[in-house]
Structures are given as C-alpha cells and as structure tokens.
$ cat model_17.csv   # CSV, C-alpha atoms
chain,number,residue,atom,x,y,z
A,143,MET,CA,66.7,71.0,97.2
A,144,GLU,CA,65.8,73.7,94.7
A,145,THR,CA,67.1,77.3,94.7
A,146,GLU,CA,63.7,78.7,95.7
A,147,GLU,CA,63.5,76.4,98.7
A,148,LEU,CA,67.0,77.5,99.7
A,149,ILE,CA,66.1,81.2,99.5
A,150,LYS,CA,62.9,80.5,101.5
A,151,LEU,CA,65.0,78.7,104.1
A,152,TRP,CA,67.5,81.6,104.3
A,153,LYS,CA,64.7,84.1,104.8
A,154,THR,CA,63.2,82.1,107.7
A,155,LEU,CA,66.7,81.6,109.2
A,156,ALA,CA,67.4,85.3,108.9
A,157,GLU,CA,64.1,86.3,110.5
A,158,ASN,CA,64.3,83.7,113.2
A,159,LYS,CA,67.9,83.6,114.1
A,160,LEU,CA,70.0,86.4,112.5
A,161,ILE,CA,67.9,89.5,112.8
A,162,ASP,CA,68.0,89.2,116.6
A,163,ASN,CA,67.1,92.5,118.0
A,164,ASP,CA,65.2,95.5,117.0
A,165,LEU,CA,67.3,98.6,116.6
A,166,ALA,CA,65.2,101.6,117.5
A,167,LYS,CA,65.6,104.9,115.6
A,168,GLU,CA,66.6,106.6,118.9
A,169,ASN,CA,69.4,104.0,119.3
A,170,ILE,CA,70.7,104.7,115.8
A,171,ALA,CA,70.7,108.4,116.5
A,172,GLN,CA,72.5,107.9,119.8
A,173,ILE,CA,75.2,105.7,118.1
A,174,ILE,CA,76.0,108.2,115.3
A,175,SER,CA,76.0,111.1,117.7
A,176,LYS,CA,78.4,109.4,120.2
A,177,LYS,CA,80.7,107.7,117.6
A,178,ARG,CA,82.8,106.5,120.5
A,179,ASN,CA,81.6,103.0,121.3
A,180,GLY,CA,83.0,101.2,118.3
A,181,ILE,CA,85.6,98.4,118.5
A,182,ILE,CA,88.0,100.5,116.4
A,183,HIS,CA,87.7,103.3,119.0
A,184,LYS,CA,88.8,100.9,121.7
A,185,ILE,CA,91.8,99.7,119.7
A,186,LYS,CA,92.6,103.3,118.9
A,187,ASN,CA,92.7,104.1,122.6
A,188,LYS,CA,95.4,101.5,123.1
A,189,SER,CA,97.4,103.1,120.3
A,190,LYS,CA,96.9,106.5,121.8
A,191,VAL,CA,98.6,105.4,125.0
A,192,GLU,CA,101.7,104.3,123.0
A,193,TYR,CA,101.5,107.6,121.2
A,194,TYR,CA,101.7,109.6,124.4
A,195,ILE,CA,104.4,107.4,125.9
A,196,TYR,CA,106.7,108.1,122.9
A,197,LEU,CA,105.7,111.7,122.8
A,198,ILE,CA,106.7,112.2,126.4
A,199,GLY,CA,110.0,110.3,125.8
A,200,LEU,CA,111.0,112.4,122.8
A,201,ILE,CA,110.2,115.6,124.6
A,202,PHE,CA,111.8,114.5,127.9
A,203,ILE,CA,115.3,113.5,126.5
A,204,PRO,CA,116.3,116.8,124.9
A,205,SER,CA,114.6,118.8,127.7
A,206,ALA,CA,116.6,116.9,130.3
A,207,ALA,CA,119.8,117.5,128.3
A,208,LEU,CA,119.1,121.2,127.8
A,209,PHE,CA,118.1,121.6,131.5
A,210,VAL,CA,121.5,120.1,132.6
A,211,HIS,CA,123.5,122.3,130.2
A,212,PHE,CA,121.7,125.6,130.4
A,213,VAL,CA,119.9,125.7,133.7
A,214,LEU,CA,122.4,123.8,135.9
A,215,HIS,CA,125.2,125.4,133.8
A,216,HIS,CA,127.4,122.4,133.6
A,217,PRO,CA,127.8,119.5,131.2
A,218,MET,CA,126.4,116.1,132.1
A,219,PRO,CA,128.7,113.9,134.3
A,220,ASN,CA,131.4,112.4,132.2
A,221,MET,CA,129.9,114.0,129.1
A,222,ASN,CA,131.9,113.2,126.0
A,223,LEU,CA,131.2,112.8,122.3
A,224,ARG,CA,130.0,109.2,122.7
A,225,SER,CA,127.5,110.2,125.4
A,226,TYR,CA,126.1,112.9,123.1
A,227,ILE,CA,125.7,110.3,120.3
A,228,GLY,CA,124.0,107.9,122.7
A,229,THR,CA,121.6,110.5,123.8
A,230,GLY,CA,121.0,111.4,120.2
A,231,PHE,CA,120.2,107.7,119.4
A,232,ALA,CA,117.8,107.5,122.3
A,233,GLU,CA,116.1,110.6,120.9
A,234,ILE,CA,116.0,109.2,117.4
A,235,PHE,CA,114.5,106.0,118.8
A,236,PHE,CA,111.6,107.9,120.4
A,237,ILE,CA,111.1,109.9,117.3
A,238,TYR,CA,110.9,106.7,115.3
A,239,MET,CA,108.6,105.0,117.7
A,240,PHE,CA,106.4,108.1,117.8
A,241,GLY,CA,106.2,108.1,114.0
A,242,CYS,CA,105.1,104.4,114.1
A,243,ALA,CA,102.4,105.2,116.7
A,244,VAL,CA,101.2,108.1,114.4
A,245,LYS,CA,101.1,105.7,111.4
A,246,SER,CA,99.2,103.1,113.5
A,247,LEU,CA,96.6,105.7,114.4
A,248,LYS,CA,96.4,106.7,110.7
A,249,PHE,CA,95.9,103.1,109.7
A,250,LEU,CA,93.0,102.8,112.2
A,251,ASP,CA,91.5,106.0,110.8
A,252,PHE,CA,91.9,104.8,107.2
A,253,SER,CA,88.6,103.8,105.8
A,254,PHE,CA,88.0,101.5,102.8
A,255,ASN,CA,84.2,101.5,102.7
A,256,THR,CA,83.1,103.4,99.7
A,257,GLY,CA,84.4,101.2,96.8
A,258,SER,CA,83.8,97.7,95.7
A,259,ILE,CA,85.2,95.0,98.0
A,260,LYS,CA,88.0,94.2,95.5
A,261,ASP,CA,89.0,97.9,95.2
A,262,SER,CA,89.0,98.3,99.0
A,263,LEU,CA,91.2,95.2,99.4
A,264,GLU,CA,93.6,96.5,96.9
A,265,ARG,CA,93.8,99.8,98.6
A,266,VAL,CA,94.5,98.1,102.0
A,267,LYS,CA,97.2,96.0,100.3
A,268,SER,CA,98.9,98.9,98.7
A,269,TYR,CA,98.7,101.1,101.8
A,270,PHE,CA,100.1,98.3,104.0
A,271,GLU,CA,102.9,97.3,101.6
A,272,SER,CA,104.1,100.9,101.3
A,273,TYR,CA,104.0,101.3,105.1
A,274,LEU,CA,105.9,98.0,105.6
A,275,LYS,CA,108.6,99.0,103.0
A,276,LYS,CA,109.2,102.3,104.7
A,277,ALA,CA,109.2,100.8,108.2
A,278,TYR,CA,111.6,98.0,107.1
A,279,TRP,CA,114.2,100.4,105.6
A,280,VAL,CA,114.0,102.9,108.5
A,281,THR,CA,114.4,100.2,111.1
A,282,LEU,CA,117.2,98.5,109.1
A,283,LEU,CA,119.2,101.7,108.8
A,284,PHE,CA,118.6,103.0,112.3
A,285,GLY,CA,119.4,99.5,113.7
A,286,PHE,CA,122.7,99.4,111.7
A,287,CYS,CA,123.8,102.8,112.9
A,288,PHE,CA,122.9,102.1,116.5
A,289,LEU,CA,124.6,98.6,116.6
A,290,ILE,CA,127.7,99.9,114.9
A,291,PHE,CA,127.8,102.8,117.4
A,292,VAL,CA,127.5,100.4,120.4
A,293,PHE,CA,130.1,98.1,118.9
A,294,ILE,CA,132.7,100.9,118.3
A,295,ASP,CA,131.9,102.3,121.7
A,296,PHE,CA,132.7,99.0,123.4
A,297,LEU,CA,135.9,98.6,121.4
A,298,VAL,CA,137.0,102.1,122.4
A,299,ILE,CA,136.2,101.4,126.1
A,300,LEU,CA,138.2,98.1,125.9
A,301,GLY,CA,141.1,99.7,124.0
A,302,GLY,CA,140.7,98.2,120.5
A,303,ILE,CA,140.2,94.8,118.9
A,304,GLY,CA,143.6,93.6,120.0
A,305,LYS,CA,142.6,94.1,123.7
A,306,LEU,CA,139.6,91.7,123.5
A,307,ASN,CA,140.0,89.4,126.4
A,308,PHE,CA,137.9,86.2,127.0
A,309,SER,CA,139.7,84.7,130.0
A,310,GLN,CA,140.7,87.1,132.7
A,311,GLY,CA,137.3,87.9,134.3
A,312,GLY,CA,135.7,91.2,135.1
A,313,PHE,CA,134.4,93.9,132.8
A,314,ASN,CA,136.9,93.1,130.0
A,315,VAL,CA,135.5,89.6,129.5
A,316,PHE,CA,131.9,90.8,129.6
A,317,GLY,CA,132.8,93.6,127.2
A,318,SER,CA,134.6,91.2,124.9
A,319,TYR,CA,131.8,88.7,124.7
A,320,PHE,CA,129.3,91.6,124.4
A,321,SER,CA,131.3,93.1,121.5
A,322,ILE,CA,131.3,89.7,119.7
A,323,LEU,CA,127.6,89.4,120.3
A,324,ILE,CA,126.9,92.9,118.9
A,325,PHE,CA,129.1,92.0,115.9
A,326,ILE,CA,127.1,88.9,115.2
A,327,ILE,CA,123.9,90.9,115.5
A,328,ILE,CA,125.2,93.5,113.0
A,329,ILE,CA,126.0,90.7,110.5
A,330,THR,CA,122.6,89.0,110.9
A,331,TRP,CA,120.6,92.2,111.4
A,332,PRO,CA,118.8,92.2,108.0
A,333,PHE,CA,117.8,88.5,108.5
A,334,ILE,CA,116.6,89.2,112.1
A,335,LEU,CA,114.6,92.1,110.9
A,336,ASN,CA,113.2,90.2,107.9
A,337,PHE,CA,112.2,87.3,110.2
A,338,ASP,CA,110.5,89.8,112.6
A,339,PHE,CA,108.6,91.5,109.9
A,340,LYS,CA,107.5,88.2,108.4
A,341,LEU,CA,106.4,87.0,111.8
A,342,ARG,CA,104.4,90.1,112.5
A,343,TYR,CA,102.9,91.0,109.2
A,344,SER,CA,103.0,88.1,106.7
A,345,SER,CA,99.8,86.5,107.9
A,346,LEU,CA,97.9,89.7,107.4
A,347,LEU,CA,99.4,90.3,104.0
A,348,ASN,CA,98.8,86.7,102.9
A,349,ASP,CA,95.3,87.0,104.1
A,350,ILE,CA,94.7,90.1,102.0
A,351,ASN,CA,96.4,88.5,99.0
A,352,GLN,CA,94.4,85.3,99.3
A,353,THR,CA,91.2,87.2,99.5
A,354,ILE,CA,92.0,89.2,96.4
A,355,ASP,CA,93.1,86.0,94.6
A,356,GLU,CA,89.9,84.3,95.6
A,357,LEU,CA,87.9,87.2,94.2
A,358,GLU,CA,89.8,87.3,90.9
A,359,LYS,CA,89.9,83.6,90.3
A,360,GLU,CA,87.7,82.6,87.4
A,361,GLU,CA,86.2,79.3,88.1
B,1077,MET,CA,70.5,114.2,106.7
B,1078,GLU,CA,70.6,112.5,110.0
B,1079,GLN,CA,66.9,111.9,110.0
B,1080,GLU,CA,67.0,110.4,106.5
B,1081,PHE,CA,69.9,108.2,107.4
B,1082,THR,CA,68.2,107.0,110.6
B,1083,GLU,CA,65.0,106.2,108.7
B,1084,LEU,CA,66.8,104.3,105.9
B,1085,LEU,CA,69.0,102.4,108.3
B,1086,HIS,CA,66.0,101.5,110.5
B,1087,GLN,CA,64.2,100.1,107.4
B,1088,ASN,CA,67.2,98.0,106.4
B,1089,GLN,CA,68.7,97.1,109.8
B,1090,GLY,CA,68.3,93.4,109.0
B,1091,ILE,CA,71.4,93.7,106.8
B,1092,VAL,CA,73.6,94.9,109.7
B,1093,HIS,CA,72.2,92.1,112.0
B,1094,LYS,CA,72.8,89.4,109.3
B,1095,ILE,CA,76.3,90.5,108.5
B,1096,CYS,CA,77.3,90.8,112.2
B,1097,ASN,CA,75.9,87.3,112.9
B,1098,LEU,CA,77.7,85.8,110.0
B,1099,TYR,CA,81.1,87.5,110.4
B,1100,PHE,CA,81.5,88.0,114.1
B,1101,PHE,CA,81.1,85.2,116.6
B,1102,ASP,CA,82.0,86.8,119.9
B,1103,ARG,CA,78.6,87.5,121.4
B,1104,ILE,CA,79.9,89.9,124.0
B,1105,GLU,CA,81.5,92.1,121.4
B,1106,LYS,CA,78.8,91.8,118.7
B,1107,GLU,CA,77.1,94.9,119.9
B,1108,ASP,CA,80.4,96.8,119.5
B,1109,TYR,CA,80.8,95.5,115.9
B,1110,GLN,CA,77.2,96.5,115.1
B,1111,GLN,CA,77.9,100.0,116.4
B,1112,GLU,CA,81.1,100.2,114.5
B,1113,ILE,CA,79.4,99.2,111.3
B,1114,ILE,CA,76.6,101.8,111.9
B,1115,ILE,CA,79.3,104.5,112.5
B,1116,GLN,CA,81.0,103.4,109.2
B,1117,LEU,CA,77.6,103.6,107.4
B,1118,TRP,CA,77.1,107.1,108.8
B,1119,LYS,CA,80.5,108.3,107.8
B,1120,ALA,CA,80.0,106.9,104.3
B,1121,PHE,CA,76.4,108.1,103.9
B,1122,PRO,CA,77.4,111.4,102.1
B,1123,SER,CA,78.8,109.2,99.3
B,1124,PHE,CA,75.4,107.6,98.7
B,1125,ASN,CA,74.1,109.1,95.5
B,1126,HIS,CA,70.6,107.6,95.4
B,1127,GLN,CA,71.5,106.1,92.0
B,1128,SER,CA,71.5,102.6,93.4
B,1129,LYS,CA,69.2,101.0,95.9
B,1130,PHE,CA,70.0,101.9,99.5
B,1131,SER,CA,70.1,98.2,100.4
B,1132,THR,CA,72.8,97.6,97.7
B,1133,TRP,CA,74.9,100.5,98.9
B,1134,MET,CA,74.4,99.4,102.5
B,1135,TYR,CA,75.4,95.9,101.8
B,1136,ARG,CA,78.6,97.1,100.2
B,1137,VAL,CA,79.5,99.4,103.1
B,1138,CYS,CA,78.6,96.8,105.7
B,1139,LEU,CA,80.7,94.1,104.0
B,1140,ASN,CA,83.6,96.4,103.6
B,1141,ALA,CA,83.3,97.6,107.2
B,1142,SER,CA,83.2,94.0,108.5
B,1143,LEU,CA,86.3,92.9,106.5
B,1144,ASP,CA,88.0,96.1,107.6
B,1145,ILE,CA,87.3,95.4,111.2
B,1146,LEU,CA,88.5,91.8,110.9
B,1147,ARG,CA,91.8,93.0,109.4
B,1148,LYS,CA,92.3,95.9,111.8
B,1149,GLU,CA,91.8,93.5,114.7
B,1150,LYS,CA,94.3,91.1,113.1
B,1151,SER,CA,96.8,93.9,112.7
B,1152,GLN,CA,96.5,94.5,116.5
B,1153,LEU,CA,97.1,90.8,117.0
B,1154,LYS,CA,93.7,90.4,118.5
B,1155,TYR,CA,92.1,87.1,117.6
B,1156,ILE,CA,88.4,86.5,117.5
B,1157,LYS,CA,87.2,83.6,119.5
B,1158,VAL,CA,84.3,81.5,118.1
B,1159,ASP,CA,81.5,81.5,120.5
B,1160,THR,CA,80.0,78.1,120.1
B,1161,ASN,CA,76.9,79.1,122.1
B,1162,ASP,CA,75.6,80.8,119.0
B,1163,LEU,CA,75.8,77.6,117.1
B,1164,ASN,CA,74.3,75.7,120.0
B,1165,GLY,CA,71.4,78.1,120.1
B,1166,ILE,CA,70.6,77.2,116.6
B,1167,ALA,CA,71.3,73.6,117.2
B,1168,ASP,CA,68.6,73.5,119.8
B,1169,ALA,CA,65.9,73.3,117.2
B,1170,ARG,CA,64.6,69.9,116.7
B,1171,ASP,CA,62.0,69.8,113.9
B,1172,GLU,CA,62.8,69.3,110.2
B,1173,VAL,CA,62.6,72.9,109.1
B,1174,ASN,CA,64.8,74.2,112.0
B,1175,SER,CA,67.2,71.4,111.3
B,1176,ASN,CA,67.6,72.6,107.8
B,1177,GLN,CA,68.0,76.1,109.1
B,1178,GLU,CA,70.8,74.9,111.3
B,1179,LYS,CA,72.5,73.1,108.4
B,1180,LEU,CA,72.2,76.2,106.3
B,1181,TYR,CA,73.7,78.4,109.0
B,1182,ARG,CA,76.5,76.0,109.6
B,1183,ALA,CA,77.2,75.6,105.9
B,1184,ILE,CA,77.4,79.4,105.4
B,1185,ASN,CA,79.5,79.9,108.4
B,1186,ARG,CA,82.1,77.4,107.1
B,1187,LEU,CA,82.5,79.4,103.9
B,1188,SER,CA,85.4,81.9,103.3
B,1189,GLU,CA,84.7,85.6,104.0
B,1190,ILE,CA,84.2,86.3,100.2
B,1191,ASP,CA,82.0,83.2,99.6
B,1192,LYS,CA,79.9,84.1,102.6
B,1193,ALA,CA,79.3,87.6,101.1
B,1194,ILE,CA,78.4,86.2,97.7
B,1195,ILE,CA,75.9,83.7,99.0
B,1196,THR,CA,74.3,86.1,101.4
B,1197,LEU,CA,73.8,88.6,98.6
B,1198,TYR,CA,72.4,85.9,96.3
B,1199,LEU,CA,70.0,84.6,99.0
B,1200,ASP,CA,68.9,88.1,99.6
B,1201,GLU,CA,67.9,88.1,95.9
B,1202,PHE,CA,70.4,90.7,94.6
B,1203,SER,CA,70.9,90.4,90.8
B,1204,TYR,CA,74.2,89.0,89.4
B,1205,LYS,CA,75.0,92.5,88.2
B,1206,GLU,CA,74.5,94.1,91.6
B,1207,ILE,CA,76.6,91.3,93.3
B,1208,ALA,CA,79.3,91.8,90.7
B,1209,GLU,CA,79.3,95.6,91.4
B,1210,ILE,CA,79.5,95.2,95.1
B,1211,LEU,CA,82.4,92.7,94.8
B,1212,GLY,CA,84.2,94.4,92.0
B,1213,ILE,CA,84.4,91.3,89.7
B,1214,SER,CA,82.8,90.3,86.4
B,1215,GLU,CA,79.2,89.1,86.2
B,1216,THR,CA,80.4,85.8,84.6
B,1217,ASN,CA,82.8,85.1,87.5
B,1218,THR,CA,80.0,86.0,90.0
B,1219,GLY,CA,77.6,83.5,88.3
B,1220,VAL,CA,80.2,80.7,88.3
B,1221,LYS,CA,81.0,81.4,92.0
B,1222,ILE,CA,77.4,81.4,93.0
B,1223,ASN,CA,76.7,78.1,91.2
B,1224,ARG,CA,79.6,76.5,93.0
B,1225,ILE,CA,78.7,77.8,96.4
B,1226,LYS,CA,75.0,77.1,96.0
B,1227,SER,CA,75.5,73.5,94.9
B,1228,ASP,CA,78.0,73.0,97.7
B,1229,ILE,CA,75.5,74.3,100.3
B,1230,ILE,CA,72.6,72.3,98.9
B,1231,LYS,CA,74.7,69.2,99.0
B,1232,LYS,CA,75.6,69.8,102.6
B,1233,ILE,CA,72.0,70.3,103.6
B,1234,ASP,CA,70.8,67.3,101.6
B,1235,ASN,CA,73.6,65.1,103.0
B,1236,GLY,CA,72.8,66.2,106.6
B,1237,ASN,CA,76.0,68.1,107.2
$ encode --input "model_17.csv" --output "structure tokens"
Amino acid sequence: METEELIKLWKTLAENKLIDNDLAKENIAQIISKKRNGIIHKIKNKSKVEYYIYLIGLIFIPSAALFVHFVLHHPMPNMNLRSYIGTGFAEIFFIYMFGCAVKSLKFLDFSFNTGSIKDSLERVKSYFESYLKKAYWVTLLFGFCFLIFVFIDFLVILGGIGKLNFSQGGFNVFGSYFSILIFIIIITWPFILNFDFKLRYSSLLNDINQTIDELEKEE
Amino acid sequence: MEQEFTELLHQNQGIVHKICNLYFFDRIEKEDYQQEIIIQLWKAFPSFNHQSKFSTWMYRVCLNASLDILRKEKSQLKYIKVDTNDLNGIADARDEVNSNQEKLYRAINRLSEIDKAIITLYLDEFSYKEIAEILGISETNTGVKINRIKSDIIKKIDNGN
C-alpha cells in the first residue's frame, strides 16, 4: 500500500466513521456560554465536596472550643494540656486536608493547552513533582508530630515505659500493645508514606515521563 | 469574538470529532469530552494569533486538551473503559474498502497517545514542520517517527491485522 492510498483510506474512514455528528453553530455557542458540562467540571464538583467538608471541619473545631470556653464559661471536661494539643492536631489535620483540597482544585483548573505537546507535558511534570514534594514533607512532619504526641500521651497515661504491661488484661494491656504499635509506625513512617505516595502517584508520573521520553527519543 | 470562534470551529469541527473518537472510547461520555475540548478551545482562543492556520492551532489545543483530560482522570483514579461497541460498529463492514478502514482504525487505536497524534496529523496532510511545531520536537525526529509508524500501519493493513 502506498502513502497516497493510506491518506485516501484515512479520509474515507474519518468521513464515514469518525466525524460522526454535525455540531451546529447554535450548539457550539451553547457549550461555550454554559461551560459547565465538561468532564473536568464533574470531577471538580467531587473535589468541591471534599473542600467544603474540610472547611466545615476546620471552622467547627476552634468554634466549638471557643464556644465552650467563652460562652459556657468553663473549660472542656477534663481539659488539660494534652487535650489542647490533641484539639490542635485535629485542627492542623483539617487545615492540611483543606490545603490539599484547594491544591486539587487548582490542579484541575491548571491548563496546559497553549504550548507544544512536549512543553505542556513538561509543565505538568514540573507542577506535579513540586506538588508531590511539598505534600510528602508536610505529611511526613505532621505525621511524625502526631504519632509522637499519641505515643507520649499513652506512655503518660500508662505511667511510663517501665509500666508497660502485656499480661494483666484491661486497659493497660491494650495501651501497652497500642504504644508498641505506634512506636513501630513511628519508625516505619517514612517508608509507609513513601509506599503510599508511590502507590497513588507513581503510575501518573511514570506515564508523563514515558510520554516525554517517547517524544524526545530520536529513532 | 464569539461569532468568529463559532464560525471557525464549525468549519473545522471534524478535528474535534476525530480526536475524540481516537482518544476516548466511552461512548456515553464522549459527548462530555467533546464539550470539554470545545471549552478548552474557547478558553485558549485569545492566544490564537492568526499567524498559523486555525486548523494547526486547533489540532494543538485539541491534542493537549485530550492528553490533559486523560491525565486529570487518571489523577482522580478514574479509569476509562474501552467500549468495544465502537470497534464492532466498524467491524460490521464487509467489503474490501471497509475492511481496510477497519484495519486502519484498529492499527491507529493500538498506537501510543503520541504516535496516534503524529499519524493523525500526517494523514491529515500537515507538513513535517507543522507536526514538529505542534509536538515540540525536531523535524528530523518527526520524519523518522512518521516513517516508522506509517510502515508499521501499512504492514498491519497488508497482513490483514
């Protein structure tokens, strides 16, 4: 088969099978005036739900604490320094997740359509890598602080490392095993996080890298 | 501006249909993809400086938008299902010409995202220079890639696969 025949075949295929419906001018005008039916808009709606859940969470926690302190005029039941730190961690968690939701919305808004395909891919790659790097370090540090706090808190409740008890039953045994579990998680935290990030994002990054390599490869 | 855009898009709408049919297989969502690409074209339209052909600019935006949609969907862990009805629709044809059309369609669909873009542009008779500009690679590299993909496709059609 010659090139000319191939081009002719492609044109017939395109006319018969690929250009499947006539897009009227009115429809085009309607699509660009609505701008709301696209697939990205649908994905964005899902991210917006997360955004509002975390926003409500991060507003609710300090509001509830302030309400108890200043409106009811008494500290929260059994309020002590550890409870304050715990509440603080919950608040930081919601702020962090809220930040992630904002980033996700920004990613969906980010458009790569004006440059060449290679430029666009490189922009996606650099945006994604920088986002992942920040997300990794923030999660790593926040996770370490939170886990260490929980570990120390349990040790304080149990009365110190010397009071760990694995045989007598009741809360002490649960607390002892839980403390050991938390300690193991602290030690393995960077590996757990690394594994999680690889699981979630490596295929996307590999995909981008492979496409760039494929473009650049001189044959 | 809206009128000019609508007019130009209407004249070149085949590009949107071709790209949607080659990159997206879910028939139910194909209309959504088409609308998304049109929205992306509209957003990018102010950057069209009339120095190149509208079809060249449109191909670049459509290809970028399609690859962009595929990645955003992957980032949301949403996978695209291949709707085999589309292939069967083409496979229904029985005569020699339609059989070759079917083979060509299958051969193109089996290519990678980038190879698919290259051969589509080539078969739509864009010059090597234009294809190289759209992709962001050298003309020499474009030429070599085109020869490789073309001979691969011709071989598949001639061998009946």
$ closest_residue --input "model_17.csv" --among "B:Glu1215, B:Asp1234, B:Glu1149, B:Asp1200" --to "A:Glu358" --atoms "all atoms listed in the file"
B:Glu1215
$ interface_residues --input "model_17.csv" --of "chain B" --to "chain A" --cutoff "7 Å" --atoms "only C-alpha atoms" --output "PDB file with C-alpha atoms, keeping the file's coordinate frame"
ATOM      1  CA  THR B1082      68.200 107.000 110.600  1.00  0.00           C
ATOM      2  CA  HIS B1086      66.000 101.500 110.500  1.00  0.00           C
ATOM      3  CA  GLY B1090      68.300  93.400 109.000  1.00  0.00           C
ATOM      4  CA  HIS B1093      72.200  92.100 112.000  1.00  0.00           C
ATOM      5  CA  LYS B1094      72.800  89.400 109.300  1.00  0.00           C
ATOM      6  CA  ASN B1097      75.900  87.300 112.900  1.00  0.00           C
ATOM      7  CA  ASP B1108      80.400  96.800 119.500  1.00  0.00           C
ATOM      8  CA  TYR B1109      80.800  95.500 115.900  1.00  0.00           C
ATOM      9  CA  GLN B1111      77.900 100.000 116.400  1.00  0.00           C
ATOM     10  CA  GLU B1112      81.100 100.200 114.500  1.00  0.00           C
ATOM     11  CA  ILE B1115      79.300 104.500 112.500  1.00  0.00           C
ATOM     12  CA  TRP B1118      77.100 107.100 108.800  1.00  0.00           C
ATOM     13  CA  ALA B1120      80.000 106.900 104.300  1.00  0.00           C
ATOM     14  CA  ARG B1136      78.600  97.100 100.200  1.00  0.00           C
ATOM     15  CA  VAL B1137      79.500  99.400 103.100  1.00  0.00           C
ATOM     16  CA  ASN B1140      83.600  96.400 103.600  1.00  0.00           C
ATOM     17  CA  ALA B1141      83.300  97.600 107.200  1.00  0.00           C
ATOM     18  CA  LYS B1148      92.300  95.900 111.800  1.00  0.00           C
ATOM     19  CA  LYS B1150      94.300  91.100 113.100  1.00  0.00           C
ATOM     20  CA  SER B1151      96.800  93.900 112.700  1.00  0.00           C
ATOM     21  CA  GLN B1177      68.000  76.100 109.100  1.00  0.00           C
ATOM     22  CA  LEU B1199      70.000  84.600  99.000  1.00  0.00           C
ATOM     23  CA  GLU B1209      79.300  95.600  91.400  1.00  0.00           C
ATOM     24  CA  ILE B1210      79.500  95.200  95.100  1.00  0.00           C
ATOM     25  CA  LEU B1211      82.400  92.700  94.800  1.00  0.00           C
ATOM     26  CA  GLY B1212      84.200  94.400  92.000  1.00  0.00           C
ATOM     27  CA  ILE B1213      84.400  91.300  89.700  1.00  0.00           C
ATOM     28  CA  ASN B1217      82.800  85.100  87.500  1.00  0.00           C
ATOM     29  CA  VAL B1220      80.200  80.700  88.300  1.00  0.00           C
ATOM     30  CA  LYS B1221      81.000  81.400  92.000  1.00  0.00           C
ATOM     31  CA  ILE B1230      72.600  72.300  98.900  1.00  0.00           C
TER      32      ILE B1230
END
$ atom_distance --input "model_17.csv" --atom1 "atom CA of B:Tyr1099" --atom2 "atom CA of B:Ala1193"
9.5 Å
$ residues_near_point --input "model_17.csv" --point "(76.7, 99.4, 108.9)" --cutoff "6 Å" --atoms "all atoms listed in the file" --output "list of chain:residue names"
B:Val1092, B:Ile1113, B:Ile1114, B:Gln1116, B:Leu1117, B:Cys1138
$ write_last_selection --input "model_17.csv" --atoms "C-alpha atoms" --output "PDB file, in the coordinates of the input"
ATOM      1  CA  VAL B1092      73.600  94.900 109.700  1.00  0.00           C
ATOM      2  CA  ILE B1113      79.400  99.200 111.300  1.00  0.00           C
ATOM      3  CA  ILE B1114      76.600 101.800 111.900  1.00  0.00           C
ATOM      4  CA  GLN B1116      81.000 103.400 109.200  1.00  0.00           C
ATOM      5  CA  LEU B1117      77.600 103.600 107.400  1.00  0.00           C
ATOM      6  CA  CYS B1138      78.600  96.800 105.700  1.00  0.00           C
TER       7      CYS B1138
END
$ residues_around --input "model_17.csv" --residues "A:Ile237" --least-positions-apart "2" --cutoff "12 Å" --atoms "all atoms listed in the file" --output "MDAnalysis selection string"
chainID A and resid 193:204 230:235 239:244 280:281 284
$ closest_residue --input "model_17.csv" --among "A:Leu282, A:Ser205, A:Asp251, A:Glu271" --to "A:Asp338" --atoms "only C-alpha atoms"
A:Leu282
$ closest_residue --input "model_17.csv" --among "A:Ser344, A:Trp331, A:Phe212, A:Ser309" --to "A:Leu274" --atoms "all atoms listed in the file"
A:Ser344
$ atom_distance --input "model_17.csv" --atom1 "atom CA of A:Lys340" --atom2 "atom CA of B:Ser1188"
23.5 Å
$ closest_residue --input "model_17.csv" --among "B:Glu1080, B:Gly1219, B:Thr1196, B:Pro1122" --to "B:Ile1184" --atoms "all atoms listed in the file"
B:Thr1196
$ atom_distance --input "model_17.csv" --atom1 "atom CA of A:Tyr319" --atom2 "atom CA of A:Phe296"
10.4 Å
$ residues_around --input "model_17.csv" --residues "B:Leu1084" --least-positions-apart "5" --cutoff "10 Å" --atoms "only C-alpha atoms" --output "PyMOL selection string"
(chain A and resi 167) or (chain B and resi 1078-1079+1089+1130-1131+1134)
$ decode --input "model_17.csv" --residues "stretch 200-213 of chain A" --atoms "C-alpha atoms" --output "PDB file, in the first residue's frame"
ATOM      1  CA  LEU A 200     -11.532  23.442  60.332  1.00  0.00           C
ATOM      2  CA  ILE A 201     -14.111  26.085  61.269  1.00  0.00           C
ATOM      3  CA  PHE A 202     -16.068  23.788  63.600  1.00  0.00           C
ATOM      4  CA  ILE A 203     -13.194  22.652  65.868  1.00  0.00           C
ATOM      5  CA  PRO A 204     -11.941  26.081  67.068  1.00  0.00           C
ATOM      6  CA  SER A 205     -15.529  27.400  67.136  1.00  0.00           C
ATOM      7  CA  ALA A 206     -16.617  24.544  69.404  1.00  0.00           C
ATOM      8  CA  ALA A 207     -13.583  25.050  71.682  1.00  0.00           C
ATOM      9  CA  LEU A 208     -14.151  28.811  71.882  1.00  0.00           C
ATOM     10  CA  PHE A 209     -17.874  28.294  72.496  1.00  0.00           C
ATOM     11  CA  VAL A 210     -17.191  26.003  75.463  1.00  0.00           C
ATOM     12  CA  HIS A 211     -14.605  28.369  76.941  1.00  0.00           C
ATOM     13  CA  PHE A 212     -16.165  31.750  76.427  1.00  0.00           C
ATOM     14  CA  VAL A 213     -19.921  31.163  76.073  1.00  0.00           C
TER      15      VAL A 213
END
